[in-house]
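Just entry_35.pdb here, PDB, C-alpha atoms and all ligand atoms:
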```
MODEL        1
ATOM      1  CA  MET A   1      87.049  87.160 159.623
ATOM      2  CA  THR A   2      89.733  85.829 161.870
ATOM      3  CA  TRP A   3      92.840  83.698 161.365
ATOM      4  CA  PHE A   4      93.837  81.195 164.060
ATOM      5  CA  VAL A   5      97.444  80.001 164.275
ATOM      6  CA  THR A   6      98.842  77.339 166.620
ATOM      7  CA  GLY A   7     102.515  77.243 167.536
ATOM      8  CA  ALA A   8     102.545  81.026 167.283
ATOM      9  CA  SER A   9     105.064  81.566 170.080
ATOM     10  CA  SER A  10     108.107  80.660 167.980
ATOM     11  CA  GLY A  11     109.483  79.995 164.511
ATOM     12  CA  LEU A  12     107.122  79.738 161.556
ATOM     13  CA  GLY A  13     104.002  80.390 163.638
ATOM     14  CA  LEU A  14     105.467  83.589 165.062
ATOM     15  CA  GLU A  15     106.438  84.762 161.582
ATOM     16  CA  MET A  16     102.957  83.931 160.277
ATOM     17  CA  VAL A  17     101.142  85.927 162.957
ATOM     18  CA  ARG A  18     103.504  88.876 162.463
ATOM     19  CA  LEU A  19     102.912  88.831 158.694
ATOM     20  CA  LEU A  20      99.146  88.537 159.102
ATOM     21  CA  VAL A  21      98.958  91.393 161.630
ATOM     22  CA  ALA A  22     101.143  93.548 159.350
ATOM     23  CA  ARG A  23      98.575  92.873 156.595
ATOM     24  CA  GLY A  24      95.789  94.109 158.870
ATOM     25  CA  GLU A  25      94.188  90.686 159.433
ATOM     26  CA  ALA A  26      92.390  89.775 162.659
ATOM     27  CA  VAL A  27      94.407  86.989 164.292
ATOM     28  CA  CYS A  28      94.143  84.835 167.396
ATOM     29  CA  ALA A  29      96.851  82.412 168.365
ATOM     30  CA  SER A  30      98.105  79.784 170.748
ATOM     31  CA  GLY A  31     101.382  78.316 171.936
ATOM     32  CA  ARG A  32     102.643  76.133 174.715
ATOM     33  CA  ARG A  33     104.338  78.917 176.646
ATOM     34  CA  GLY A  34     102.541  81.526 178.742
ATOM     35  CA  VAL A  35     102.009  85.167 177.756
ATOM     36  CA  ASP A  36     104.893  86.358 179.937
ATOM     37  CA  ASP A  37     107.344  84.204 178.001
ATOM     38  CA  LEU A  38     106.328  85.322 174.518
ATOM     39  CA  PRO A  39     109.061  86.951 172.400
ATOM     40  CA  ALA A  40     109.272  90.747 172.545
ATOM     41  CA  ASN A  41     108.147  91.021 168.904
ATOM     42  CA  PHE A  42     104.948  89.046 169.492
ATOM     43  CA  PRO A  43     102.031  91.168 168.214
ATOM     44  CA  ASP A  44      99.194  92.439 170.400
ATOM     45  CA  ILE A  45      96.604  89.763 169.563
ATOM     46  CA  PRO A  46      94.408  87.374 171.577
ATOM     47  CA  TYR A  47      96.655  84.530 172.731
ATOM     48  CA  ARG A  48      95.881  81.321 174.583
ATOM     49  CA  ARG A  49      98.383  79.083 176.308
ATOM     50  CA  CYS A  50      97.718  75.425 175.586
ATOM     51  CA  ASP A  51      99.791  72.277 175.831
ATOM     52  CA  LEU A  52      98.526  70.333 172.823
ATOM     53  CA  SER A  53      99.497  67.017 174.383
ATOM     54  CA  ASP A  54      96.715  67.602 176.947
ATOM     55  CA  ARG A  55      93.403  66.478 175.445
ATOM     56  CA  VAL A  56      91.286  68.505 177.899
ATOM     57  CA  ALA A  57      93.321  71.645 177.228
ATOM     58  CA  VAL A  58      92.877  71.144 173.470
ATOM     59  CA  ALA A  59      89.085  70.986 173.884
ATOM     60  CA  SER A  60      89.138  74.156 175.925
ATOM     61  CA  LEU A  61      91.376  75.860 173.325
ATOM     62  CA  ALA A  62      88.835  74.949 170.628
ATOM     63  CA  ASP A  63      86.038  76.473 172.737
ATOM     64  CA  TRP A  64      88.081  79.662 173.116
ATOM     65  CA  VAL A  65      88.718  79.853 169.359
ATOM     66  CA  THR A  66      85.036  79.244 168.643
ATOM     67  CA  ARG A  67      84.203  82.268 170.802
ATOM     68  CA  GLN A  68      86.429  84.438 168.550
ATOM     69  CA  GLY A  69      83.772  84.039 165.820
ATOM     70  CA  PRO A  70      83.854  82.615 162.273
ATOM     71  CA  LEU A  71      87.358  81.847 161.018
ATOM     72  CA  HIS A  72      88.809  82.777 157.668
ATOM     73  CA  ALA A  73      91.479  80.150 158.301
ATOM     74  CA  ALA A  74      92.981  77.900 160.939
ATOM     75  CA  VAL A  75      96.686  77.213 160.523
ATOM     76  CA  LEU A  76      97.510  74.175 162.666
ATOM     77  CA  ASN A  77     101.234  74.758 162.702
ATOM     78  CA  ALA A  78     102.462  73.666 166.148
ATOM     79  CA  GLY A  79     104.758  70.688 166.073
ATOM     80  CA  ALA A  80     107.433  68.902 168.043
ATOM     81  CA  GLY A  81     109.759  65.964 167.646
ATOM     82  CA  TYR A  82     113.018  64.386 168.678
ATOM     83  CA  PHE A  83     115.988  63.743 166.458
ATOM     84  CA  ARG A  84     117.041  60.296 167.649
ATOM     85  CA  PRO A  85     116.792  56.676 166.527
ATOM     86  CA  LEU A  86     113.723  54.674 167.476
ATOM     87  CA  ALA A  87     115.781  52.530 169.864
ATOM     88  CA  GLN A  88     116.468  55.618 171.959
ATOM     89  CA  GLU A  89     112.840  56.731 172.164
ATOM     90  CA  THR A  90     110.670  56.289 175.244
ATOM     91  CA  PRO A  91     106.985  55.334 175.209
ATOM     92  CA  ASP A  92     106.031  58.670 176.804
ATOM     93  CA  ALA A  93     108.013  60.735 174.300
ATOM     94  CA  MET A  94     106.589  58.804 171.327
ATOM     95  CA  ALA A  95     103.030  59.243 172.599
ATOM     96  CA  ARG A  96     103.645  62.931 173.198
ATOM     97  CA  VAL A  97     104.884  63.594 169.651
ATOM     98  CA  LEU A  98     101.877  61.793 168.168
ATOM     99  CA  ALA A  99      99.526  63.653 170.523
ATOM    100  CA  ILE A 100     100.903  67.079 169.558
ATOM    101  CA  ASN A 101     101.461  66.544 165.824
ATOM    102  CA  LEU A 102      98.470  64.353 165.039
ATOM    103  CA  ASP A 103      95.819  63.873 167.746
ATOM    104  CA  ALA A 104      95.560  67.557 168.686
ATOM    105  CA  ASN A 105      95.182  68.592 165.050
ATOM    106  CA  ILE A 106      92.452  66.019 164.433
ATOM    107  CA  ALA A 107      90.657  67.163 167.587
ATOM    108  CA  LEU A 108      90.961  70.840 166.629
ATOM    109  CA  ALA A 109      89.698  70.217 163.086
ATOM    110  CA  HIS A 110      86.804  68.230 164.528
ATOM    111  CA  ARG A 111      85.791  70.898 167.031
ATOM    112  CA  LEU A 112      86.447  73.935 164.805
ATOM    113  CA  HIS A 113      84.491  72.631 161.833
ATOM    114  CA  PRO A 114      81.428  74.841 162.493
ATOM    115  CA  VAL A 115      83.456  78.091 162.616
ATOM    116  CA  LEU A 116      85.527  77.050 159.599
ATOM    117  CA  SER A 117      82.553  76.840 157.252
ATOM    118  CA  GLY A 118      83.500  78.590 153.993
ATOM    119  CA  GLY A 119      87.055  79.032 155.278
ATOM    120  CA  ARG A 120      90.404  77.276 155.125
ATOM    121  CA  LEU A 121      92.278  74.695 157.159
ATOM    122  CA  GLY A 122      96.056  74.564 156.810
ATOM    123  CA  LEU A 123      97.939  71.598 158.252
ATOM    124  CA  ILE A 124     101.695  72.022 158.508
ATOM    125  CA  GLY A 125     103.404  68.754 157.732
ATOM    126  CA  SER A 126     107.044  68.248 156.813
ATOM    127  CA  VAL A 127     109.080  66.722 154.018
ATOM    128  CA  ALA A 128     110.092  64.280 156.779
ATOM    129  CA  HIS A 129     106.830  62.469 155.961
ATOM    130  CA  ASN A 130     108.744  60.922 153.047
ATOM    131  CA  GLY A 131     110.864  59.039 155.566
ATOM    132  CA  ALA A 132     113.730  60.680 157.414
ATOM    133  CA  ALA A 133     116.345  58.689 159.300
ATOM    134  CA  GLY A 134     116.746  59.956 162.838
ATOM    135  CA  MET A 135     113.158  61.125 163.263
ATOM    136  CA  PRO A 136     110.950  58.072 162.626
ATOM    137  CA  VAL A 137     108.204  58.996 165.090
ATOM    138  CA  TYR A 138     108.073  62.598 163.907
ATOM    139  CA  ALA A 139     108.042  61.366 160.278
ATOM    140  CA  ALA A 140     105.182  58.996 161.092
ATOM    141  CA  SER A 141     103.171  61.768 162.765
ATOM    142  CA  LYS A 142     103.567  64.029 159.722
ATOM    143  CA  ALA A 143     102.763  61.222 157.272
ATOM    144  CA  ALA A 144      99.583  60.467 159.223
ATOM    145  CA  LEU A 145      98.718  64.157 159.345
ATOM    146  CA  GLY A 146      99.125  64.234 155.573
ATOM    147  CA  GLY A 147      96.727  61.323 155.178
ATOM    148  CA  PHE A 148      94.232  62.968 157.491
ATOM    149  CA  GLY A 149      94.412  66.239 155.573
ATOM    150  CA  ARG A 150      94.005  64.616 152.174
ATOM    151  CA  ALA A 151      90.977  62.657 153.343
ATOM    152  CA  LEU A 152      89.465  65.765 154.913
ATOM    153  CA  ALA A 153      90.111  67.801 151.750
ATOM    154  CA  GLU A 154      87.901  65.314 149.897
ATOM    155  CA  GLU A 155      85.267  65.138 152.609
ATOM    156  CA  TRP A 156      84.976  68.910 153.096
ATOM    157  CA  ARG A 157      85.423  69.951 149.434
ATOM    158  CA  GLY A 158      83.107  72.841 148.574
ATOM    159  CA  ARG A 159      82.656  73.693 152.259
ATOM    160  CA  VAL A 160      86.129  74.124 153.757
ATOM    161  CA  THR A 161      89.380  74.278 151.752
ATOM    162  CA  VAL A 162      91.883  71.912 153.359
ATOM    163  CA  ARG A 163      95.558  72.034 152.388
ATOM    164  CA  VAL A 164      98.486  70.075 153.784
ATOM    165  CA  LEU A 165     101.696  72.046 153.399
ATOM    166  CA  HIS A 166     105.015  70.228 153.768
ATOM    167  CA  PRO A 167     107.983  72.565 154.313
ATOM    168  CA  GLY A 168     111.582  71.497 153.828
ATOM    169  CA  PRO A 169     114.044  72.182 156.673
ATOM    170  CA  VAL A 170     113.662  75.723 158.030
ATOM    171  CA  ALA A 171     116.158  77.736 160.094
ATOM    172  CA  THR A 172     113.892  78.225 163.109
ATOM    173  CA  GLY A 173     116.138  76.321 165.529
ATOM    174  CA  MET A 174     113.593  73.496 165.755
ATOM    175  CA  ALA A 175     116.067  70.898 164.475
ATOM    176  CA  GLU A 176     118.596  71.805 167.178
ATOM    177  CA  ARG A 177     115.951  71.821 169.869
ATOM    178  CA  ALA A 178     114.960  68.358 168.613
ATOM    179  CA  GLY A 179     118.511  67.187 169.276
ATOM    180  CA  ARG A 180     120.113  67.415 165.834
ATOM    181  CA  THR A 181     123.726  68.592 165.742
ATOM    182  CA  PRO A 182     124.090  71.443 163.246
ATOM    183  CA  ASP A 183     126.274  70.733 160.203
ATOM    184  CA  PHE A 184     127.020  72.099 156.728
ATOM    185  CA  ALA A 185     123.509  71.217 155.553
ATOM    186  CA  ASP A 186     122.092  73.953 157.797
ATOM    187  CA  ARG A 187     123.203  76.490 155.192
ATOM    188  CA  LEU A 188     120.486  75.061 152.949
ATOM    189  CA  PHE A 189     117.727  75.558 155.513
ATOM    190  CA  LEU A 190     114.875  77.799 154.407
ATOM    191  CA  PRO A 191     114.567  81.337 155.836
ATOM    192  CA  PRO A 192     111.695  81.403 158.386
ATOM    193  CA  ARG A 193     109.983  84.657 157.410
ATOM    194  CA  GLN A 194     109.935  83.933 153.677
ATOM    195  CA  THR A 195     108.838  80.360 154.322
ATOM    196  CA  ALA A 196     106.006  81.604 156.528
ATOM    197  CA  ALA A 197     104.939  83.994 153.753
ATOM    198  CA  ALA A 198     105.036  81.181 151.177
ATOM    199  CA  LEU A 199     102.968  78.946 153.483
ATOM    200  CA  LEU A 200     100.311  81.631 153.983
ATOM    201  CA  ASP A 201     100.129  82.205 150.229
ATOM    202  CA  ALA A 202      99.899  78.477 149.544
ATOM    203  CA  LEU A 203      96.968  78.215 151.962
ATOM    204  CA  ASP A 204      95.157  81.340 150.811
ATOM    205  CA  ALA A 205      95.589  81.045 147.019
ATOM    206  CA  PRO A 206      92.199  80.600 145.317
ATOM    207  CA  ARG A 207      93.496  77.532 143.472
ATOM    208  CA  GLY A 208      96.046  74.992 144.618
ATOM    209  CA  ALA A 209      96.677  71.333 145.308
ATOM    210  CA  ASP A 210      95.433  69.709 148.512
ATOM    211  CA  ARG A 211      99.023  68.723 149.265
ATOM    212  CA  GLN A 212     101.962  71.020 148.568
ATOM    213  CA  THR A 213     105.686  70.929 149.266
ATOM    214  CA  VAL A 214     107.238  74.222 150.279
ATOM    215  CA  SER A 215     110.838  73.876 149.146
ATOM    216  CA  PHE A 216     113.725  76.220 148.341
ATOM    217  CA  LEU A 217     112.424  76.654 144.798
ATOM    218  CA  ARG A 218     108.940  77.456 146.013
ATOM    219  CA  VAL A 219     110.142  79.985 148.603
ATOM    220  CA  GLY A 220     112.532  81.539 146.065
ATOM    221  CA  LEU A 221     109.802  81.920 143.448
ATOM    222  CA  HIS A 222     107.502  83.394 146.065
ATOM    223  CA  ARG A 223     110.158  85.962 147.019
ATOM    224  CA  LEU A 224     110.692  86.891 143.379
ATOM    225  CA  ARG A 225     106.964  87.319 142.783
ATOM    226  CA  LYS A 226     106.478  89.462 145.868
ATOM    227  CA  GLY A 227     109.766  91.330 145.457
ATOM    228  CA  ALA A 228     110.523  90.450 149.077
ATOM    229  CA  ALA A 229     113.933  91.273 150.500
TER     230      ALA A 229
HETATM  231  N1  LIG A 301     111.879  73.864 161.302
HETATM  232  C1  LIG A 301     111.851  72.926 160.375
HETATM  233  O1  LIG A 301     112.908  72.515 159.833
HETATM  234  C2  LIG A 301     110.542  72.356 159.918
HETATM  235  C3  LIG A 301     110.521  71.648 158.713
HETATM  236  C4  LIG A 301     109.319  71.102 158.278
HETATM  237  C5  LIG A 301     108.184  71.263 159.040
HETATM  238  N2  LIG A 301     108.231  71.963 160.203
HETATM  239  C6  LIG A 301     107.000  72.080 160.957
HETATM  240  O2  LIG A 301     106.653  73.445 161.013
HETATM  241  C7  LIG A 301     105.926  73.696 162.213
HETATM  242  C8  LIG A 301     106.567  74.852 162.943
HETATM  243  O3  LIG A 301     107.905  74.487 163.256
HETATM  244  P1  LIG A 301     109.011  75.569 163.675
HETATM  245  O4  LIG A 301     110.220  75.267 162.885
HETATM  246  O5  LIG A 301     108.434  76.929 163.662
HETATM  247  O6  LIG A 301     109.313  75.082 165.162
HETATM  248  P2  LIG A 301     109.478  75.884 166.533
HETATM  249  O7  LIG A 301     110.175  77.181 166.314
HETATM  250  O8  LIG A 301     110.096  74.916 167.474
HETATM  251  O9  LIG A 301     107.989  76.197 166.952
HETATM  252  C9  LIG A 301     107.135  75.149 167.339
HETATM  253  C10 LIG A 301     105.867  75.749 167.887
HETATM  254  O10 LIG A 301     105.042  74.666 168.326
HETATM  255  C11 LIG A 301     104.712  74.891 169.689
HETATM  256  N3  LIG A 301     104.617  73.640 170.436
HETATM  257  C12 LIG A 301     105.551  72.669 170.591
HETATM  258  N4  LIG A 301     105.098  71.739 171.448
HETATM  259  C13 LIG A 301     103.867  72.128 171.844
HETATM  260  C14 LIG A 301     102.902  71.622 172.729
HETATM  261  N5  LIG A 301     103.103  70.515 173.439
HETATM  262  N6  LIG A 301     101.753  72.304 172.893
HETATM  263  C15 LIG A 301     101.528  73.451 172.222
HETATM  264  N7  LIG A 301     102.398  74.005 171.387
HETATM  265  C16 LIG A 301     103.564  73.352 171.199
HETATM  266  C17 LIG A 301     105.836  75.728 170.256
HETATM  267  O11 LIG A 301     105.372  76.373 171.426
HETATM  268  P3  LIG A 301     106.418  76.919 172.538
HETATM  269  O12 LIG A 301     107.551  77.557 171.770
HETATM  270  O13 LIG A 301     105.588  77.881 173.312
HETATM  271  O14 LIG A 301     106.874  75.736 173.300
HETATM  272  C18 LIG A 301     106.124  76.657 169.096
HETATM  273  O15 LIG A 301     105.222  77.723 169.082
HETATM  274  C19 LIG A 301     105.938  72.388 162.990
HETATM  275  O16 LIG A 301     104.750  71.680 162.788
HETATM  276  C20 LIG A 301     107.100  71.635 162.398
HETATM  277  O17 LIG A 301     106.938  70.237 162.544
HETATM  278  C21 LIG A 301     109.380  72.509 160.648
ENDMDL
END
```

Please re-express this file's structure in structure tokens.
Ligand SMILES: NC(=O)c1ccc[n+]([C@@H]2O[C@H](COP(=O)([O-])OP(=O)(O)OC[C@H]3O[C@@H](n4cnc5c(N)ncnc54)[C@H](OP(=O)(O)O)[C@@H]3O)[C@@H](O)[C@H]2O)c1
Amino acid sequence: MTWFVTGASSGLGLEMVRLLVARGEAVCASGRRGVDDLPANFPDIPYRRCDLSDRVAVASLADWVTRQGPLHAAVLNAGAGYFRPLAQETPDAMARVLAINLDANIALAHRLHPVLSGGRLGLIGSVAHNGAAGMPVYAASKAALGGFGRALAEEWRGRVTVRVLHPGPVATGMAERAGRTPDFADRLFLPPRQTAAALLDALDAPRGADRQTVSFLRVGLHRLRKGAA
């Protein structure tokens, strides 16, 4: 049975696919960038380029994933946002963030439902859903994703396990790419590889809450349990 990971070309998604391949799992993945631009340490797995803000491309990505066969799990991890006040947003940028972080994930869950039967759906939210100054549109997209996931967990219970996982800030460089100036707080950012491992465990554990926060404590406990370096 196959795992499918979006946003696999960078950060948490890249770490997740590397961990899964190291475990011997079958994995297929997608990212916005093309194959030629993937990092050198990207594993040799089926990969599909897809801009998740493009509704037609998302449908065609879902068809491609469906052809990979039944899924053990889909980890809808891709995400984007801008670190700036609402007054500095543009209509296009706001629509794009909602399309990538919310609409694409709803569309993928909708289309992948048949191949997810008996499997797991992981939605990667963010603690920003609690309300984070500087990223109101991103926060709104993650809060809505959380609501979607919790509703779907109820609706699909007994058929597909749905979990919404909300990481704290992670040192993937996403915050800087979003426009945030690094400061002393960056030293408290979670390590990407260990956070990816904790996210995979949170999704795959036989028992667990529909909604989970993946914080420093959680990642630390996970490292202790696994004896990870
Ligand atoms: N880093 C944090 O502090 C943090 C905290 C909480 C939650 N999260 C969430 O965790 C997830 C992974 O974040 P990360 O830190 O690993 O960020 P990242 O390193 O910036 O990776 C984001 C991934 O999403 C993909 N992506 C972005 N826009 C896309 C688009 N339009 N179409 C398709 N793919 C797109 C990127 O593809 P390309 O690289 O190919 O463009 C990349 O693979 C996101 O959902 C993020 O919101 C992150």

Practice problem: Name each residue within 6 Å of ligand LIG 301 (chain A), counting all atoms listed in the file, as a VMD selection string. | Solution: chain A and resid 7 to 13 31 to 33 50 to 53 77 to 80 100 124 to 126 167 to 172 174 to 175

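Put simply, the PyMOL selection byres (((chain A and resi 210) around 10) and not hetatm) in this file takes in Gly122, Gly146, Gly149, Arg150, Ala151, Leu152, Ala153, Glu154, Thr161, Val162, Arg163, Val164, Leu165, Ala202, Leu203, Arg207, Gly208, Ala209, Arg211 and Gln212 of chain A.
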
Quiz item: Mind listing as a ChimeraX atom specification all residues within 12 Å of (117.3, 69.1, 159.6), counting only C-alpha atoms?
Solution: /A:81-84,126-128,132-135,167-190

Quiz item: In terms of the shortest atom-to-atom distance over all atoms listed in the file, which of A:Ala109, A:Ala57, A:Val137, A:Val115 is closest to A:Arg96?
Solution: A:Val137

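Between A:Gln88 and the candidates A:Leu71, A:Arg120, A:Ala144, A:Pro136, the tightest atom-to-atom separation, counting only C-alpha atoms, involves A:Pro136.
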
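Between A:Leu98 and the candidates A:Val75, A:Ala139, A:Val58, A:Leu224, the tightest atom-to-atom separation, counting only C-alpha atoms, involves A:Ala139.
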